[in-house]
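Accompanying notes for the structure given below.
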Amino acid sequence: MQRRHFLAGVLGSALAPSASRGNAAGAPGFDHGVASGDPLSDRVVLWTRLSGVSAEAVDVRWSVALDAAFARTVAAGTARTGLHRDYTVKVDATGLPVGQALFYRFEADTADGRPAQSPIGRTRTLPVGHVDTARFAVASCANHPYGYFHAYRDIAEQEDLLAVVHLGDYLYEYGMGGYATERAEALGRVPEPRGEAVTLADLRARHAQYKRDPDLQALHAAHPMIAVWDDHEIANDAWRGGAQNHQAEEGDWAARRDAALQAWLEWMPVRAGHRQADTTIYRQFRVGDLLTLIMLDTRLVGRDQQPDAVPGATRESIGAAMKDPARRLLGDAQEAWLRHALREANGTWQVLGQQVMLTPTLSPELEPLLDRSRDSMLSPKQLQYYIDMSRGNPPMLLDTWNGYPVARQQFLTDLATLAKNPVVLSGDLHTSMAGNLFLPEQDAAVAVELMTGSIASPGFAEYLPEAHPGAVRDATLALNPSLVYMETDRRGWLDVRFDHGRCDARWRLLDSVHGKAFRVSVDRHLRVQAGRVGDGLQPG
């Protein structure tokens, strides 16, 4: 089957024609689609969930083929699932052909003897040896109640992606009436469960709702995903010992964290197991002689508390904390692992996928940029807090690397010492952005940062009632010469392509996520040349 015919089948409906849905206990189906992830040269993780069953344990058959008709099967087997893992199925299919586009599906027996079949998914293994080019989609921040996942649909329609790199906030924990749910009723996207997702049952239900979205199903059926978590898979502004959006009345933090990680590991196509103990998500992927993709955990494994989140924090205490050489974002173990990975990384490019903004960025003073008579998603008290905190142009958003400047300098020093052509991919901020990264007293850039906007999460314009469109963006760019590009108002994704001569980045942005119809356009094209990263980003 040709690629365009496969895409027509996947994108025309949420399920392929032979796929079945579970209707009642004992009638198995595959309501949550299929997914693949963590591709290596000879293996890939395959995922699905069996719906409509109540047995404690169930066997599910899987197969991988070179063609969508499954005439040329290259791997097959049986996997057991059950109540203990929420009937999710995750298979590490091995012995696959190198650098090959592949098709996969699942089957389960029914009472009438006719097997229920999943949708057909398309995936691929990574190439080895000489590789001319590799293209990735970079995504982050998909708030289901705020808007439609049109950007996922656009990614699904791309023909030649090697993988989708998802940098976290795959889902959000808030309940109805919480963050970014103002449009949920009108859009028919009320959170499930309706309250905040805190327990394992809550989080499984929230994952299930996201995986029923037809645009997300289309993306997963079309491309493998390489994913890390950020904070909203657990709770807002999480760190290793707690989170801003976790209160004592919600129970023990460790129990909430472990429940969230267990649900994520069950429901995501990642190579780690399905228990909360499998919490190491930093890992690497080699694409022949072209690049090494190094995925990091800047959220949980080693992060100290944000300096402005400590109870009773003042400007003085925040300033002192930010000078503390002991405060880390990655943690000692991950830092040591990263140095080893950079030393061993072969290929032209070293690409680092991580969650939060790295480029040092000062906040413009907000008071003259805002019109308080206009609507804001922030309460008047919250808005006043941000206005007060912006006075004197302090570092912006201390949940990012801005809150960990000593750790950031060590990170950049490691890149300068150990990497040839480093490119950092970031998300989290709901802002399309790019910047050049420098060490103090040096004129040449150490690396460049490419930040993807959000799939469907509100941007600065919804929080801050600007006196005129783009006021905060323009003031931020003027104040921060290291920033090359910033777009705060439109949702979308980052299209990044590597060859041995250069890295090209294009931001594909949508005109709206609030209606069924949408248009996509390339808002900016930037590039950086191999061997000349020190020159920084240039117009494409």
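By convention in this document, the chains of the structure tokens carry letters A, B, ... by their order, each chain's residues are numbered from 1, and ligands are numbered from 1 in the order they are shown.
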
- Skipping near chain neighbours, those fewer than 3 positions away, what residues fall within 6 Å of segment 115-127 of chain A using only C-alpha atoms, listed as a ChimeraX atom specification? /A:15-16,19-20,30,39-41,98-110,221-224,287-288

- Message: When you look at Leu187 of chain A with a cut-off of 10 Å (counting only C-alpha atoms), what residues show up, excluding the ones that are within fewer than 3 positions of it in the same chain? I need them as a VMD selection string.
- Response: chain A and resid 144 to 148 181 to 184 190 514 to 516

Taking only C-alpha atoms into account, produce a table as a Markdown table in which each residue of segment 251-303 of chain A with an atom at most 7 Å from an atom of segment 331-346 of chain A appears once, together with its shortest atom pair and the distance in Å to one decimal, ordered by chain and rising number.
| residue | atom | partner | partner_atom | distance |
| --- | --- | --- | --- | --- |
| A:Asp289 | CA | A:Asn346 | CA | 6.4 |
| A:Leu291 | CA | A:Asn346 | CA | 6.8 |
| A:Thr292 | CA | A:Ala345 | CA | 5.9 |
| A:Val301 | CA | A:Gly331 | CA | 6.8 |
| A:Gly302 | CA | A:Gly331 | CA | 3.8 |
| A:Arg303 | CA | A:Gly331 | CA | 6.3 |

Expected file: the selected residues, N, CA and C atoms, as a PDB file, in the first residue's frame:
ATOM      1  N   ASP A 289      25.156   8.099  11.083  1.00  0.00           N
ATOM      2  CA  ASP A 289      26.260   9.046  11.261  1.00  0.00           C
ATOM      3  C   ASP A 289      25.778  10.493  11.245  1.00  0.00           C
ATOM      4  N   LEU A 291      23.112  12.033  13.518  1.00  0.00           N
ATOM      5  CA  LEU A 291      22.826  12.696  14.787  1.00  0.00           C
ATOM      6  C   LEU A 291      22.598  11.687  15.895  1.00  0.00           C
ATOM      7  N   THR A 292      22.748  12.174  17.126  1.00  0.00           N
ATOM      8  CA  THR A 292      22.295  11.479  18.328  1.00  0.00           C
ATOM      9  C   THR A 292      21.261  12.359  19.011  1.00  0.00           C
ATOM     10  N   VAL A 301      13.604  13.950  38.210  1.00  0.00           N
ATOM     11  CA  VAL A 301      14.612  13.070  38.775  1.00  0.00           C
ATOM     12  C   VAL A 301      15.631  13.804  39.638  1.00  0.00           C
ATOM     13  N   GLY A 302      15.942  15.073  39.297  1.00  0.00           N
ATOM     14  CA  GLY A 302      16.977  15.752  40.064  1.00  0.00           C
ATOM     15  C   GLY A 302      16.681  17.189  40.405  1.00  0.00           C
ATOM     16  N   ARG A 303      15.493  17.678  40.075  1.00  0.00           N
ATOM     17  CA  ARG A 303      15.189  19.114  40.212  1.00  0.00           C
ATOM     18  C   ARG A 303      14.959  19.504  41.669  1.00  0.00           C
TER      19      ARG A 303
END

- Using DSSP on the backbone coordinates, identify all residues within segment 476-526 of chain A classified as alpha helix (DSSP H); present the result as a PyMOL selection string. chain A and resi 476-479

I need the chosen residues saved as a tab-separated table (two decimals), in the first residue's frame, with all heavy atoms.
chain	number	residue	atom	x	y	z
A	476	THR	N	9.81	41.71	25.00
A	476	THR	CA	10.72	40.63	25.40
A	476	THR	C	11.87	40.50	24.41
A	476	THR	O	13.04	40.37	24.80
A	476	THR	CB	9.96	39.31	25.51
A	476	THR	OG1	8.87	39.45	26.43
A	476	THR	CG2	10.88	38.20	26.01
A	477	LEU	N	11.57	40.55	23.13
A	477	LEU	CA	12.62	40.47	22.12
A	477	LEU	C	13.58	41.66	22.21
A	477	LEU	O	14.80	41.51	22.07
A	477	LEU	CB	12.00	40.40	20.72
A	477	LEU	CG	11.31	39.08	20.35
A	477	LEU	CD1	10.53	39.24	19.05
A	477	LEU	CD2	12.32	37.95	20.22
A	478	ALA	N	13.05	42.83	22.45
A	478	ALA	CA	13.89	44.03	22.54
A	478	ALA	C	14.83	43.96	23.74
A	478	ALA	O	15.97	44.46	23.68
A	478	ALA	CB	13.02	45.28	22.62
A	479	LEU	N	14.38	43.33	24.81
A	479	LEU	CA	15.16	43.27	26.04
A	479	LEU	C	16.20	42.14	26.02
A	479	LEU	O	17.16	42.17	26.79
A	479	LEU	CB	14.21	43.07	27.22
A	479	LEU	CG	14.76	43.12	28.64
A	479	LEU	CD1	15.38	44.49	28.94
A	479	LEU	CD2	13.65	42.81	29.65

- Message: With only C-alpha atoms as the counted atoms, please give the residues lying no more than 7 Å from Gly37 of chain A, apart from itself and same-chain residues fewer than 4 positions off, as a list in words.
- Response: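 Contacts, in chain order: Val44, Val45, Leu46, Pro224, Met225, Ile226, Pro269 and Val270 of chain A.
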
- Message: When you count only C-alpha atoms, which of these residues is closest to Ala180 of chain A: A:Glu233, A:Asp399, A:Asp308, A:Glu462?
- Response: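 Closest candidate: A:Glu462.
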
- Message: Rounded to one decimal, what separation in Å do you get between atom CA of Ile294 of chain A and atom CA of Asp231 of chain A?
- Response: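 Interatomic distance here is 19.3 Å.
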
Contact check, segment 443-465 of chain A to segment 368-371 of chain A, at most 12 Å, counting only C-alpha atoms, closest pairs as a Markdown table:
| residue | atom | partner | partner_atom | distance |
| --- | --- | --- | --- | --- |
| A:Phe460 | CA | A:Leu370 | CA | 11.5 |
| A:Ala461 | CA | A:Leu370 | CA | 10.2 |
| A:Glu462 | CA | A:Leu370 | CA | 11.9 |
| A:Tyr463 | CA | A:Leu370 | CA | 10.6 |
| A:Leu464 | CA | A:Leu370 | CA | 6.9 |
| A:Pro465 | CA | A:Leu370 | CA | 5.4 |

Saved selection, atoms kept: C-alpha atoms, as an mmCIF file, in the first residue's frame:
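Output (selection_39.cif):
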data_model
loop_
_atom_site.group_PDB
_atom_site.id
_atom_site.type_symbol
_atom_site.label_atom_id
_atom_site.label_comp_id
_atom_site.auth_asym_id
_atom_site.auth_seq_id
_atom_site.Cartn_x
_atom_site.Cartn_y
_atom_site.Cartn_z
ATOM 1 C CA PHE A 460 0.633 34.832 26.798
ATOM 2 C CA ALA A 461 -2.175 36.736 25.074
ATOM 3 C CA GLU A 462 -4.801 34.822 27.053
ATOM 4 C CA TYR A 463 -3.026 35.465 30.354
ATOM 5 C CA LEU A 464 -1.866 39.010 29.845
ATOM 6 C CA PRO A 465 -4.354 41.618 28.549
#

Mind running segment 318-369 of chain A against segment 495-505 of chain A at 12 Å and telling me each contacting residue's nearest atom pair with the distance in Å (one decimal), counting only C-alpha atoms, chain and number ascending, as CSV?
residue,atom,partner,partner_atom,distance
A:Gly347,CA,A:His500,CA,8.8
A:Thr348,CA,A:His500,CA,6.2
A:Trp349,CA,A:His500,CA,8.1
A:Gln350,CA,A:Phe498,CA,10.7
A:Val351,CA,A:Phe498,CA,10.0

- Query: How many Å lie between atom CA of Gly319 of chain A and atom CA of Pro395 of chain A, rounded to one decimal?
  - Reply: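 For atom CA of Gly319 of chain A relative to atom CA of Pro395 of chain A, the distance reads 10.3 Å.
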
- Query: Hey, what's within 6 Å of segment 447-458 of chain A if we count only C-alpha atoms and toss same-chain stuff fewer than 2 positions away? As a count of residues only, please?
  - Reply: 25
